[in-house]
Each structure stands twice: as structure tokens, then as C-alpha cells.
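Participant: Contents of entry13.csv (CSV, C-alpha atoms) are given next:
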```csv
chain,number,residue,atom,x,y,z
A,166,MET,CA,70.4,96.4,75.9
A,167,ASN,CA,72.4,99.6,75.3
A,168,LYS,CA,73.7,102.0,77.9
A,169,VAL,CA,71.6,105.2,78.0
A,170,PHE,CA,73.2,108.6,78.1
A,171,LEU,CA,72.8,110.3,81.4
A,172,SER,CA,73.2,114.0,82.1
A,173,ILE,CA,75.3,115.1,85.1
A,174,ASP,CA,72.2,115.6,87.2
A,175,GLU,CA,71.0,112.2,86.2
A,176,GLN,CA,74.4,110.7,87.1
A,177,ILE,CA,74.2,112.3,90.5
A,178,ALA,CA,70.6,111.0,91.0
A,179,LEU,CA,71.8,107.5,90.0
A,180,LEU,CA,74.7,107.6,92.5
A,181,ARG,CA,72.4,108.7,95.3
A,182,SER,CA,69.9,105.9,94.5
A,183,ARG,CA,72.8,103.5,94.9
A,184,GLY,CA,73.8,104.8,98.3
A,185,VAL,CA,76.5,107.3,97.4
A,186,ALA,CA,76.3,110.7,99.1
A,187,CYS,CA,77.0,113.6,96.7
A,188,ASP,CA,77.5,117.2,97.8
A,189,GLU,CA,77.7,120.5,95.9
A,190,ARG,CA,81.1,119.5,94.4
A,191,ALA,CA,79.7,116.4,92.7
A,192,ALA,CA,78.7,118.1,89.4
A,193,ASP,CA,82.1,119.6,89.0
A,194,ILE,CA,83.9,116.4,89.8
A,195,LEU,CA,81.8,114.3,87.3
A,196,THR,CA,82.2,117.0,84.6
A,197,ARG,CA,85.9,117.3,84.9
A,198,GLU,CA,86.7,113.6,85.5
A,199,GLY,CA,83.9,111.6,84.0
A,200,TYR,CA,81.6,109.1,85.6
A,201,TYR,CA,83.2,106.1,84.1
A,202,ALA,CA,86.7,107.0,85.2
A,203,ILE,CA,85.8,107.6,88.8
A,204,VAL,CA,82.8,105.4,89.6
A,205,ASN,CA,83.5,102.4,87.4
A,206,GLY,CA,87.2,102.7,87.9
A,207,TYR,CA,87.3,102.9,91.7
A,208,LYS,CA,84.0,101.6,93.1
A,209,GLY,CA,85.3,98.1,94.0
A,210,PRO,CA,86.3,98.7,97.7
A,211,PHE,CA,83.2,100.7,98.4
A,212,LEU,CA,80.5,98.2,97.2
A,213,ASN,CA,78.3,96.2,99.5
A,214,GLU,CA,79.4,92.6,99.5
A,215,GLY,CA,77.4,90.5,97.0
A,216,ALA,CA,76.3,93.6,95.0
A,217,GLN,CA,75.4,92.8,91.4
A,218,VAL,CA,77.7,94.3,88.8
A,219,GLU,CA,74.8,95.9,86.9
A,220,LYS,CA,73.0,97.0,90.1
A,221,ASP,CA,75.9,98.4,92.2
A,222,HIS,CA,74.9,99.4,95.7
A,223,PHE,CA,77.5,101.0,97.9
A,224,ALA,CA,78.3,100.5,101.6
A,225,PRO,CA,76.6,102.9,104.0
A,226,GLY,CA,78.5,106.2,104.4
A,227,THR,CA,80.1,106.1,101.0
A,228,THR,CA,80.5,109.5,99.4
A,229,LEU,CA,81.6,110.5,95.9
A,230,GLU,CA,84.5,112.3,97.6
A,231,ASP,CA,85.7,108.8,98.8
A,232,LEU,CA,85.8,107.5,95.3
A,233,TYR,CA,87.4,110.7,94.0
A,234,ALA,CA,90.1,110.5,96.7
A,235,LEU,CA,91.1,107.0,95.6
A,236,CYS,CA,91.1,108.2,92.0
A,237,ARG,CA,93.4,111.1,92.8
A,238,PHE,CA,95.7,108.8,94.9
A,239,ASP,CA,96.0,106.4,92.0
A,240,ARG,CA,96.8,109.2,89.6
A,241,GLU,CA,99.7,110.4,91.9
A,242,LEU,CA,100.8,106.8,92.1
A,243,ARG,CA,100.9,106.5,88.4
A,244,GLY,CA,103.0,109.7,88.1
A,245,LEU,CA,105.6,108.5,90.6
A,246,THR,CA,105.7,105.0,89.1
A,247,PHE,CA,106.0,106.3,85.5
A,248,LYS,CA,109.0,108.4,86.5
A,249,GLN,CA,110.8,105.4,87.8
A,250,ILE,CA,109.9,103.2,84.8
A,251,MET,CA,111.4,105.9,82.6
A,252,HIS,CA,114.7,105.4,84.5
A,253,VAL,CA,114.5,101.7,83.9
A,254,GLU,CA,113.6,102.2,80.2
A,255,THR,CA,116.5,104.5,79.7
A,256,LEU,CA,118.9,101.9,81.3
A,257,LEU,CA,117.5,99.0,79.2
A,258,ARG,CA,117.8,100.9,76.0
A,259,SER,CA,121.4,101.7,76.7
A,260,VAL,CA,122.6,98.2,77.9
A,261,ILE,CA,120.6,96.3,75.2
A,262,SER,CA,122.0,98.5,72.4
A,263,LEU,CA,125.6,98.4,73.9
A,264,SER,CA,125.5,94.6,74.4
A,265,PHE,CA,124.3,93.9,70.8
A,266,CYS,CA,126.7,96.4,69.1
A,267,GLU,CA,129.6,95.1,71.1
A,268,CYS,CA,129.1,91.7,69.4
A,269,HIS,CA,128.0,93.0,66.0
A,270,ARG,CA,130.3,95.8,64.9
A,271,ARG,CA,129.0,96.4,61.4
A,272,PRO,CA,126.8,99.6,61.5
A,273,ASN,CA,123.8,97.8,59.9
A,274,ALA,CA,124.2,94.4,61.5
A,275,TYR,CA,120.8,94.8,63.2
A,276,LEU,CA,119.2,94.4,59.8
A,277,ASP,CA,120.8,91.0,59.3
A,278,ARG,CA,118.7,88.0,60.4
A,279,ASN,CA,121.9,86.1,61.1
A,280,SER,CA,122.6,88.5,64.0
A,281,TYR,CA,119.8,87.1,66.1
A,282,THR,CA,119.2,83.9,68.1
A,283,SER,CA,118.0,80.6,66.6
A,284,GLU,CA,114.5,79.3,66.7
A,285,ARG,CA,115.5,76.6,69.2
A,286,HIS,CA,116.8,79.2,71.8
A,287,TYR,CA,114.1,81.8,71.4
A,288,LEU,CA,112.7,82.9,74.7
A,289,ARG,CA,109.1,83.3,73.5
A,290,GLY,CA,109.1,79.8,72.1
A,291,ALA,CA,109.7,78.2,68.6
A,292,GLY,CA,106.2,78.8,67.5
A,293,GLU,CA,106.5,82.6,67.8
A,294,TYR,CA,110.0,82.8,66.3
A,295,GLN,CA,109.5,83.3,62.6
A,296,LYS,CA,106.6,85.7,63.0
A,297,ASP,CA,108.4,87.8,65.6
A,298,LEU,CA,111.7,87.9,63.7
A,299,ASP,CA,109.9,89.0,60.5
A,300,TRP,CA,108.1,91.7,62.4
A,301,LEU,CA,111.3,93.0,64.0
A,302,MET,CA,113.2,93.1,60.7
A,303,ASN,CA,110.3,95.1,59.1
A,304,THR,CA,110.2,97.5,62.1
A,305,LEU,CA,113.9,98.1,62.1
A,306,SER,CA,114.1,98.5,58.4
A,307,ARG,CA,111.3,101.0,58.4
A,308,TYR,CA,113.2,103.2,60.9
A,309,ALA,CA,116.5,102.7,59.2
A,310,HIS,CA,115.2,103.7,55.7
A,311,ALA,CA,112.8,106.5,56.8
A,312,GLN,CA,112.8,109.3,54.3
A,313,ALA,CA,114.9,112.2,55.2
A,314,GLY,CA,113.1,115.2,56.7
A,315,GLN,CA,110.2,113.2,58.2
A,316,ASP,CA,110.5,115.1,61.5
A,317,ASN,CA,113.4,112.9,62.7
A,318,VAL,CA,116.5,115.1,63.0
A,319,ARG,CA,118.7,112.3,64.2
A,320,VAL,CA,117.9,109.9,61.3
A,321,THR,CA,118.1,112.7,58.8
A,322,TRP,CA,121.6,113.7,60.1
A,323,TYR,CA,123.0,110.2,59.9
A,324,GLN,CA,121.5,109.7,56.4
A,325,THR,CA,123.2,112.9,55.3
A,326,HIS,CA,126.6,112.2,56.8
A,327,TYR,CA,127.0,108.4,56.9
A,328,ASP,CA,126.2,105.3,54.9
A,329,ALA,CA,124.2,103.6,57.6
A,330,ILE,CA,122.2,104.5,60.7
A,331,PRO,CA,123.6,103.0,63.9
A,332,LEU,CA,121.4,100.9,66.2
A,333,TRP,CA,121.6,103.3,69.1
A,334,VAL,CA,119.9,106.0,66.9
A,335,ILE,CA,117.2,103.6,65.9
A,336,PHE,CA,116.7,102.6,69.5
A,337,SER,CA,115.6,106.1,70.4
A,338,ASP,CA,112.5,105.6,68.2
A,339,LEU,CA,111.6,102.1,69.2
A,340,THR,CA,108.8,101.8,71.8
A,341,PHE,CA,109.3,100.1,75.1
A,342,GLY,CA,107.2,97.3,73.7
A,343,ASN,CA,109.4,97.0,70.6
A,344,LEU,CA,112.4,96.7,73.0
A,345,ARG,CA,111.2,93.6,74.7
A,346,TYR,CA,111.0,91.7,71.3
A,347,PHE,CA,114.4,92.9,70.3
A,348,TYR,CA,115.8,91.7,73.7
A,349,ALA,CA,114.0,88.3,73.3
A,350,LEU,CA,115.6,87.8,69.9
A,351,MET,CA,119.1,88.5,71.0
A,352,ARG,CA,121.6,85.7,71.4
A,353,LYS,CA,121.9,84.3,74.9
A,354,ALA,CA,125.5,85.5,75.5
A,355,GLU,CA,124.3,89.0,74.6
A,356,GLN,CA,121.3,88.7,77.0
A,357,GLN,CA,123.7,87.6,79.7
A,358,ALA,CA,125.8,90.7,79.0
A,359,VAL,CA,122.7,92.8,79.5
A,360,CYS,CA,122.1,91.2,82.8
A,361,GLU,CA,125.7,91.8,84.0
A,362,ARG,CA,125.5,95.5,82.9
A,363,ILE,CA,122.3,96.0,84.8
A,364,MET,CA,123.9,94.5,87.9
A,365,GLN,CA,126.9,96.7,87.6
A,366,SER,CA,125.0,99.9,86.9
A,367,SER,CA,122.5,99.5,89.7
A,368,GLY,CA,125.0,98.2,92.2
A,369,ARG,CA,122.9,95.1,93.0
A,370,GLY,CA,124.2,92.0,94.8
A,371,ALA,CA,123.8,88.3,94.8
A,372,LYS,CA,120.1,88.4,95.8
A,373,GLU,CA,119.1,90.2,92.6
A,374,ARG,CA,121.3,87.9,90.5
A,375,LEU,CA,118.7,85.2,91.1
A,376,HIS,CA,116.2,87.4,89.1
A,377,LEU,CA,118.6,89.1,86.6
A,378,THR,CA,118.9,86.2,84.2
A,379,PRO,CA,118.1,86.3,80.5
A,380,ARG,CA,114.6,84.8,81.1
A,381,GLY,CA,114.1,86.8,84.2
A,382,VAL,CA,114.8,90.2,82.5
A,383,TYR,CA,112.4,89.2,79.7
A,384,ALA,CA,109.7,88.5,82.3
A,385,ASP,CA,110.4,91.8,83.9
A,386,LEU,CA,110.2,93.6,80.5
A,387,MET,CA,106.8,92.0,79.9
A,388,CYS,CA,105.5,93.3,83.2
A,389,LEU,CA,107.1,96.7,83.0
A,390,VAL,CA,105.7,97.4,79.5
A,391,ASP,CA,102.2,96.7,80.8
A,392,VAL,CA,102.7,98.9,83.8
A,393,ARG,CA,104.2,101.7,81.7
A,394,ASN,CA,101.1,101.6,79.4
A,395,ALA,CA,98.7,101.6,82.4
A,396,CYS,CA,100.5,104.7,83.7
A,397,ALA,CA,100.6,106.5,80.3
A,398,HIS,CA,96.9,105.8,79.5
A,399,GLU,CA,95.4,106.7,82.9
A,400,GLU,CA,94.4,103.2,83.8
A,401,ARG,CA,93.9,102.0,87.3
A,402,LEU,CA,97.2,101.0,88.9
A,403,TYR,CA,97.0,100.4,92.6
A,404,SER,CA,94.9,97.2,92.5
A,405,THR,CA,95.6,95.9,88.9
A,406,ARG,CA,97.2,92.6,88.3
A,407,PHE,CA,99.8,92.5,85.6
A,408,GLY,CA,101.5,89.8,83.5
A,409,GLN,CA,100.1,87.2,81.1
A,410,ALA,CA,98.5,85.3,84.0
A,411,ALA,CA,97.4,88.6,85.7
A,412,THR,CA,99.2,87.5,88.9
A,413,ILE,CA,101.6,90.4,89.4
A,414,SER,CA,100.4,92.9,92.0
A,415,PHE,CA,101.5,96.5,92.3
A,416,THR,CA,103.7,95.5,95.3
A,417,ASP,CA,105.3,92.9,93.1
A,418,VAL,CA,105.9,95.6,90.5
A,419,LEU,CA,107.8,97.7,93.1
A,420,ARG,CA,110.1,94.8,93.7
A,421,VAL,CA,110.7,94.4,89.9
A,422,VAL,CA,111.4,98.1,89.5
A,423,ARG,CA,114.0,98.2,92.3
A,424,ARG,CA,116.1,95.6,90.5
A,425,TYR,CA,117.0,98.2,87.9
A,426,LEU,CA,117.3,101.3,90.1
A,427,THR,CA,120.4,102.5,92.0
A,428,LYS,CA,120.2,102.3,95.8
A,429,ASP,CA,119.8,106.1,95.9
A,430,GLU,CA,117.0,106.0,93.3
A,431,THR,CA,115.3,103.2,95.2
A,432,ARG,CA,115.5,105.0,98.5
A,433,GLN,CA,114.1,108.2,97.0
A,434,PHE,CA,111.2,106.4,95.3
A,435,GLY,CA,110.3,104.7,98.6
A,436,MET,CA,110.4,108.1,100.5
A,437,GLU,CA,108.2,109.7,97.9
A,438,LEU,CA,105.7,106.9,98.0
A,439,VAL,CA,105.4,106.9,101.8
A,440,ARG,CA,105.1,110.7,101.9
A,441,MET,CA,102.3,110.6,99.3
A,442,MET,CA,100.4,107.8,101.1
A,443,ASP,CA,100.6,109.7,104.4
A,444,GLU,CA,99.3,112.9,102.8
A,445,PHE,CA,96.3,111.1,101.2
A,446,SER,CA,95.5,109.1,104.3
A,447,GLN,CA,95.1,112.3,106.5
A,448,GLY,CA,91.4,113.1,107.0
A,449,GLN,CA,90.3,110.2,104.6
A,450,ALA,CA,89.3,107.3,106.8
A,451,SER,CA,88.0,105.2,103.9
A,452,LEU,CA,91.2,105.7,101.8
A,453,SER,CA,93.4,105.1,104.8
A,454,ARG,CA,91.6,101.7,105.3
A,455,ILE,CA,92.0,100.7,101.7
A,456,LEU,CA,95.7,101.6,101.6
A,457,SER,CA,96.3,99.8,104.9
A,458,THR,CA,95.2,96.5,103.3
A,459,SER,CA,96.9,97.0,100.0
A,460,GLY,CA,100.4,96.2,101.1
A,461,ILE,CA,101.7,99.2,99.2
A,462,ARG,CA,102.9,101.1,102.3
A,463,GLU,CA,104.9,98.1,103.5
A,464,ALA,CA,106.5,97.7,100.1
A,465,ALA,CA,107.3,101.4,99.9
A,466,ARG,CA,109.0,101.2,103.3
A,467,GLU,CA,111.1,98.3,102.0
A,468,LEU,CA,112.3,100.6,99.2
A,469,ARG,CA,113.0,103.4,101.6
A,470,GLY,CA,115.1,101.1,103.8
```
For the structure just supplied, provide its representation as C-alpha cells.

Facilitator:
Amino acid sequence: MNKVFLSIDEQIALLRSRGVACDERAADILTREGYYAIVNGYKGPFLNEGAQVEKDHFAPGTTLEDLYALCRFDRELRGLTFKQIMHVETLLRSVISLSFCECHRRPNAYLDRNSYTSERHYLRGAGEYQKDLDWLMNTLSRYAHAQAGQDNVRVTWYQTHYDAIPLWVIFSDLTFGNLRYFYALMRKAEQQAVCERIMQSSGRGAKERLHLTPRGVYADLMCLVDVRNACAHEERLYSTRFGQAATISFTDVLRVVRRYLTKDETRQFGMELVRMMDEFSQGQASLSRILSTSGIREAARELRG
């Protein structure tokens, strides 16, 4: 059975038949945002218990405005979270590049397979080692040997003036996802240097040292890449579970992020989150109820201190 196209009026009629009140703004909301993004994305907390997935029926009193308020809150949440993850990404690009180059002084050492860890010590497991190393070598080589003038001013400048392109230039072009594989393939002593630099730059103490280990930073990278992509691609954030086992909640994500922020950045992030939640909760009883059970407000207050 295929999904049948529904006009905006038909979408409104469907919502009403399932118990969702729609006012004069409904057509404009559905046109601008899309049925799938609002209804399918944020219906969960508003459904009657035991409702069938293919025959959603909503709790009494549910309005399209309720779903839209949760959608807008989540959008603001993505914006605030994305900004902080950019701080983390910038830090990790810097300390990973610095820690590698400090141990490998040759300008093109990053293109030498011998610069990386052994199969036995690879964080992702021996079975992934050869495939991942091949992929990294191909990726780095492609950036290092990009043709001059291909809309990359930095690479073109170094190709013109020097014999090799340094790693820190290449790192500007790698994605955050690329970065986690590079880190995983670094030697353990270099990974430990990354951990120490994170500790120093963020001003964290002994409590964070338990998490800022070579394996712990890799696990954080896996999580943060997923969260960053969810933010960048307008995916639901507030209730999504991240990580390979889908066990990391958004409140857990906040605790991961804070390990990489300075105390001032952490406090500011918490203040912005609390202020945003207060604003969205005013006059929105259903949203206030959802947020009160999410644990996000308590986690935000932790950040604020």
C-alpha cells in the first residue's frame, strides 16, 4: 500500500478526524512547515496511549498549535546546541592537529601509514583497522593533491608557495565525521596528549579526567557527530537517543558537551537554555508539561550553576 498525496485541506481534515483541533492558522503552518515535519516528527507526547501507529488518535484537547510549539522549541534547541558543538568541533580540530604534528614534524607525515597506530591498538577494533586506514589515506591524499584553483584558496596558496600542504590546512576541509576516524587512528600517546590539552583549555578538574581518556573522547566524538548532524539536518533533538546503542539522551548530550567548554561557555549555555525553556513554557500548558518531564530543565540548570 502506498501513501496517497493529500492537499492541505485534506491534511487538516485528517488531523481533525484524529482529534487534533485546527484553527485558521493551520493551513499556513502546514504549508510552511510540512505535515511530516510537524505531525510525524512531534506527535509522540500527544497520542492516546495504545494508539496504532497507522491510525494515530490524539489525546482530547490536542491542537495543531501544541505540536507546532514543540516543533519550534526543538528548532531553537537545535540552534543553541549546534552553536556549542561548533565550539567543541573547533577545539578538537585544533588539539588533534597540534598533538599529531608535534609528534610528526614532517609536513606530509599524515600521508604516511607508519604515522598511525597499529591494528592491535585501534580503538574501533582490529576488524575495522585496514578498511578505515585505507579510507583515511585516500581521503587525506585527495585533499592534499586537490587541483589548484578548485575553490580552495588555502590549498592553492600552499601548493603555490610550498612543497607540501600542512595537516592543519587539510583539517579545515575535513568533516567532523572525518575527524573521529583520524583521532581513532592516532597513536595512544598522541590521543592522551589530546585529552590533556582538552583538560587544560577547558579548565576542567579531576571529575572530568574520568571521562577524558583516549577511549572516552572517541565515544564523545561518536555521539557529538550524530548530534551535530541532527542539528544541521533539522532532525528531532529533544527526545532522540544517540550513540550506537541509541541510549544517550539529550540530557546526557549536555553533559558530554560541557566537558569541552570553558566554565564561562558552560554557564552561558545553561542560562540560554533555561531562558528559552521559560519563554516557550509561558501560555503553553502542554509544552510545559512535556518539558517538565524531559529532564532538560534540570540539566540546563546544572550547566548554569

Participant: Any idea what's packed within 10 Å of Arg243 (chain A), counting all atoms listed in the file, ignoring anything in its chain fewer than 5 positions away? Could you give it as an mmCIF file with C-alpha atoms, keeping the file's coordinate frame?

Facilitator:
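Listing of out21.cif after writing:
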```
data_model
loop_
_atom_site.group_PDB
_atom_site.id
_atom_site.type_symbol
_atom_site.label_atom_id
_atom_site.label_comp_id
_atom_site.auth_asym_id
_atom_site.auth_seq_id
_atom_site.Cartn_x
_atom_site.Cartn_y
_atom_site.Cartn_z
ATOM 1 C CA ARG A 237 93.400 111.100 92.800
ATOM 2 C CA PHE A 238 95.700 108.800 94.900
ATOM 3 C CA LYS A 248 109.000 108.400 86.500
ATOM 4 C CA GLN A 249 110.800 105.400 87.800
ATOM 5 C CA VAL A 392 102.700 98.900 83.800
ATOM 6 C CA ARG A 393 104.200 101.700 81.700
ATOM 7 C CA ALA A 395 98.700 101.600 82.400
ATOM 8 C CA CYS A 396 100.500 104.700 83.700
ATOM 9 C CA ALA A 397 100.600 106.500 80.300
ATOM 10 C CA HIS A 398 96.900 105.800 79.500
ATOM 11 C CA GLU A 399 95.400 106.700 82.900
ATOM 12 C CA GLU A 400 94.400 103.200 83.800
ATOM 13 C CA ARG A 401 93.900 102.000 87.300
ATOM 14 C CA LEU A 402 97.200 101.000 88.900
ATOM 15 C CA TYR A 403 97.000 100.400 92.600
#
```

Participant: Kindly indicate which residue among A:Tyr207, A:Tyr346, A:Phe434, A:Phe415 lies nearest to Tyr287 (chain A), using all atoms listed in the file for the distances.

Facilitator: A:Tyr346

Participant: Grab the CA of Ile203 (chain A) to CA of Cys187 (chain A) distance for me, in Å with one decimal place.

Facilitator: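 CA of Cys187 (chain A) lies at a distance of 13.3 Å from CA of Ile203 (chain A).
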
Participant: What is the distance, in Å and to one decimal place, between CA of Thr227 (chain A) and CA of Val185 (chain A)?

Facilitator: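 CA of Thr227 (chain A) sits 5.2 Å away from CA of Val185 (chain A).
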
Participant: Please indicate the distance in Å from CA of Ser366 (chain A) to CA of Met441 (chain A), rounded to one decimal place.

Facilitator: 28.0 Å

Participant: Counting only C-alpha atoms, which residues sit no farther than 9 Å from the position (106.5, 95.6, 81.6) in the file's frame? I'd like them as a list in words.

Facilitator: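 The residues that fall inside the cut-off are Ile250, Phe341, Gly342, Arg345, Tyr383, Ala384, Asp385, Leu386, Met387, Cys388, Leu389, Val390, Asp391, Val392, Arg393, Asn394, Phe407, Gly408 and Val418 of chain A.
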
Participant: Find the spatial neighbours of region 368-382 of chain A, counting all atoms listed in the file, within a cut-off of 8 Å - ignore same-chain residues fewer than 4 positions away - and output them as a PyMOL selection string.

Facilitator: chain A and resi 288+353+356-357+360+364+386+424+427-428

Participant: For region 262-268 of chain A, work out the shell of residues within 8 Å, counting all atoms listed in the file and skipping chain neighbours fewer than 4 positions away, then give it as a list of chain:residue names.

Facilitator: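 My list of contacting residues is A:Arg258, A:Leu332, A:Trp333, A:Phe336, A:Met351, A:Glu355, A:Gln356, A:Ala358, A:Val359.
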
Participant: Could you list, as a PyMOL selection string, every residue within 9 Å of Ile194 (chain A), counting only C-alpha atoms and ignoring same-chain residues fewer than 4 positions away?

Facilitator: chain A and resi 190+198-200+229-230+233

Participant: Taking all atoms listed in the file into account, which of A:Thr458, A:Thr196, A:Asn279, A:Thr246 comes nearest Gln433 (chain A)?

Facilitator: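 Of the candidates, the smallest distance to Gln433 (chain A) is held by A:Thr246.
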
Participant: Using all atoms listed in the file, pick whichever of A:His310, A:Arg466, A:Leu350, A:Leu179 has the shortest atom-to-atom distance to Tyr294 (chain A).

Facilitator: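 Closest candidate: A:Leu350.
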
Participant: Find, counting all atoms listed in the file, the residue in A:Arg352, A:Cys236, A:His286, A:Leu339 that gets nearest to His269 (chain A).

Facilitator: A:Arg352

Participant: Of the residues A:Arg454, A:Asn213, A:Pro331, A:Thr405, which is the one nearest to Arg270 (chain A), using all atoms listed in the file?

Facilitator: A:Pro331

Participant: Skip Phe347 (chain A) itself and residues of its chain fewer than 2 positions away, then list as an MDAnalysis selection string all residues within 9 Å of it, counting only C-alpha atoms.

Facilitator: chainID A and resid 261 281 298 301 343:345 349:351

Participant: Could you extract region 167-244 of chain A of the given structure into a file holding C-alpha atoms, as a PDB file, in the first residue's frame?

Facilitator:
```pdb
ATOM      1  CA  ASN A 167       1.371   3.420  -0.970  1.00  0.00           C
ATOM      2  CA  LYS A 168       0.852   6.731   0.817  1.00  0.00           C
ATOM      3  CA  VAL A 169      -1.656   8.893  -1.036  1.00  0.00           C
ATOM      4  CA  PHE A 170      -0.963  12.578  -1.631  1.00  0.00           C
ATOM      5  CA  LEU A 171      -3.180  14.859   0.452  1.00  0.00           C
ATOM      6  CA  SER A 172      -3.857  18.527  -0.207  1.00  0.00           C
ATOM      7  CA  ILE A 173      -3.561  20.983   2.689  1.00  0.00           C
ATOM      8  CA  ASP A 174      -7.340  20.933   3.189  1.00  0.00           C
ATOM      9  CA  GLU A 175      -7.277  17.131   3.223  1.00  0.00           C
ATOM     10  CA  GLN A 176      -4.416  17.153   5.739  1.00  0.00           C
ATOM     11  CA  ILE A 177      -6.463  19.397   8.025  1.00  0.00           C
ATOM     12  CA  ALA A 178      -9.496  17.139   7.647  1.00  0.00           C
ATOM     13  CA  LEU A 179      -7.332  14.115   8.536  1.00  0.00           C
ATOM     14  CA  LEU A 180      -5.979  15.830  11.637  1.00  0.00           C
ATOM     15  CA  ARG A 181      -9.475  16.767  12.788  1.00  0.00           C
ATOM     16  CA  SER A 182     -10.673  13.207  12.250  1.00  0.00           C
ATOM     17  CA  ARG A 183      -7.889  12.058  14.587  1.00  0.00           C
ATOM     18  CA  GLY A 184      -8.760  14.512  17.337  1.00  0.00           C
ATOM     19  CA  VAL A 185      -6.481  17.476  16.557  1.00  0.00           C
ATOM     20  CA  ALA A 186      -8.137  20.875  16.672  1.00  0.00           C
ATOM     21  CA  CYS A 187      -7.078  23.137  13.781  1.00  0.00           C
ATOM     22  CA  ASP A 188      -7.793  26.866  13.651  1.00  0.00           C
ATOM     23  CA  GLU A 189      -7.431  29.423  10.851  1.00  0.00           C
ATOM     24  CA  ARG A 190      -3.609  29.259  11.079  1.00  0.00           C
ATOM     25  CA  ALA A 191      -3.478  25.544  10.299  1.00  0.00           C
ATOM     26  CA  ALA A 192      -3.225  25.891   6.512  1.00  0.00           C
ATOM     27  CA  ASP A 193      -0.371  28.383   6.775  1.00  0.00           C
ATOM     28  CA  ILE A 194       1.532  26.238   9.322  1.00  0.00           C
ATOM     29  CA  LEU A 195       1.223  23.066   7.242  1.00  0.00           C
ATOM     30  CA  THR A 196       2.197  24.915   4.051  1.00  0.00           C
ATOM     31  CA  ARG A 197       5.291  26.498   5.568  1.00  0.00           C
ATOM     32  CA  GLU A 198       6.484  23.581   7.690  1.00  0.00           C
ATOM     33  CA  GLY A 199       5.054  20.418   6.136  1.00  0.00           C
ATOM     34  CA  TYR A 200       2.796  17.778   7.653  1.00  0.00           C
ATOM     35  CA  TYR A 201       5.570  15.235   8.018  1.00  0.00           C
ATOM     36  CA  ALA A 202       7.931  17.579   9.878  1.00  0.00           C
ATOM     37  CA  ILE A 203       5.355  18.732  12.427  1.00  0.00           C
ATOM     38  CA  VAL A 204       2.889  15.889  12.870  1.00  0.00           C
ATOM     39  CA  ASN A 205       5.065  12.829  12.300  1.00  0.00           C
ATOM     40  CA  GLY A 206       8.013  14.493  13.999  1.00  0.00           C
ATOM     41  CA  TYR A 207       6.306  15.687  17.194  1.00  0.00           C
ATOM     42  CA  LYS A 208       3.092  13.695  17.674  1.00  0.00           C
ATOM     43  CA  GLY A 209       4.517  11.248  20.256  1.00  0.00           C
ATOM     44  CA  PRO A 210       3.647  13.074  23.520  1.00  0.00           C
ATOM     45  CA  PHE A 211       0.150  13.931  22.280  1.00  0.00           C
ATOM     46  CA  LEU A 212      -1.093  10.491  21.220  1.00  0.00           C
ATOM     47  CA  ASN A 213      -3.630   8.490  23.180  1.00  0.00           C
ATOM     48  CA  GLU A 214      -1.972   5.594  24.933  1.00  0.00           C
ATOM     49  CA  GLY A 215      -2.246   2.446  22.834  1.00  0.00           C
ATOM     50  CA  ALA A 216      -2.878   4.342  19.589  1.00  0.00           C
ATOM     51  CA  GLN A 217      -1.896   2.378  16.498  1.00  0.00           C
ATOM     52  CA  VAL A 218       0.935   3.892  14.503  1.00  0.00           C
ATOM     53  CA  GLU A 219      -1.015   3.826  11.245  1.00  0.00           C
ATOM     54  CA  LYS A 220      -4.205   5.122  12.926  1.00  0.00           C
ATOM     55  CA  ASP A 221      -2.945   7.846  15.248  1.00  0.00           C
ATOM     56  CA  HIS A 222      -5.558   9.275  17.548  1.00  0.00           C
ATOM     57  CA  PHE A 223      -4.662  12.179  19.739  1.00  0.00           C
ATOM     58  CA  ALA A 224      -5.457  12.921  23.371  1.00  0.00           C
ATOM     59  CA  PRO A 225      -8.500  15.140  23.982  1.00  0.00           C
ATOM     60  CA  GLY A 226      -7.747  18.846  23.740  1.00  0.00           C
ATOM     61  CA  THR A 227      -4.743  18.457  21.422  1.00  0.00           C
ATOM     62  CA  THR A 228      -4.317  21.273  18.907  1.00  0.00           C
ATOM     63  CA  LEU A 229      -2.055  21.702  15.904  1.00  0.00           C
ATOM     64  CA  GLU A 230      -0.619  24.693  17.766  1.00  0.00           C
ATOM     65  CA  ASP A 231       0.548  22.289  20.518  1.00  0.00           C
ATOM     66  CA  LEU A 232       2.533  20.218  18.022  1.00  0.00           C
ATOM     67  CA  TYR A 233       3.845  23.346  16.325  1.00  0.00           C
ATOM     68  CA  ALA A 234       5.018  24.819  19.659  1.00  0.00           C
ATOM     69  CA  LEU A 235       7.032  21.665  20.364  1.00  0.00           C
ATOM     70  CA  CYS A 236       8.439  21.780  16.822  1.00  0.00           C
ATOM     71  CA  ARG A 237       9.516  25.413  17.264  1.00  0.00           C
ATOM     72  CA  PHE A 238      11.022  24.700  20.680  1.00  0.00           C
ATOM     73  CA  ASP A 239      13.057  21.850  19.218  1.00  0.00           C
ATOM     74  CA  ARG A 240      14.269  24.109  16.419  1.00  0.00           C
ATOM     75  CA  GLU A 241      15.521  26.664  18.935  1.00  0.00           C
ATOM     76  CA  LEU A 242      17.102  23.860  20.934  1.00  0.00           C
ATOM     77  CA  ARG A 243      18.967  22.686  17.832  1.00  0.00           C
ATOM     78  CA  GLY A 244      20.230  26.206  17.209  1.00  0.00           C
TER      79      GLY A 244
END
```
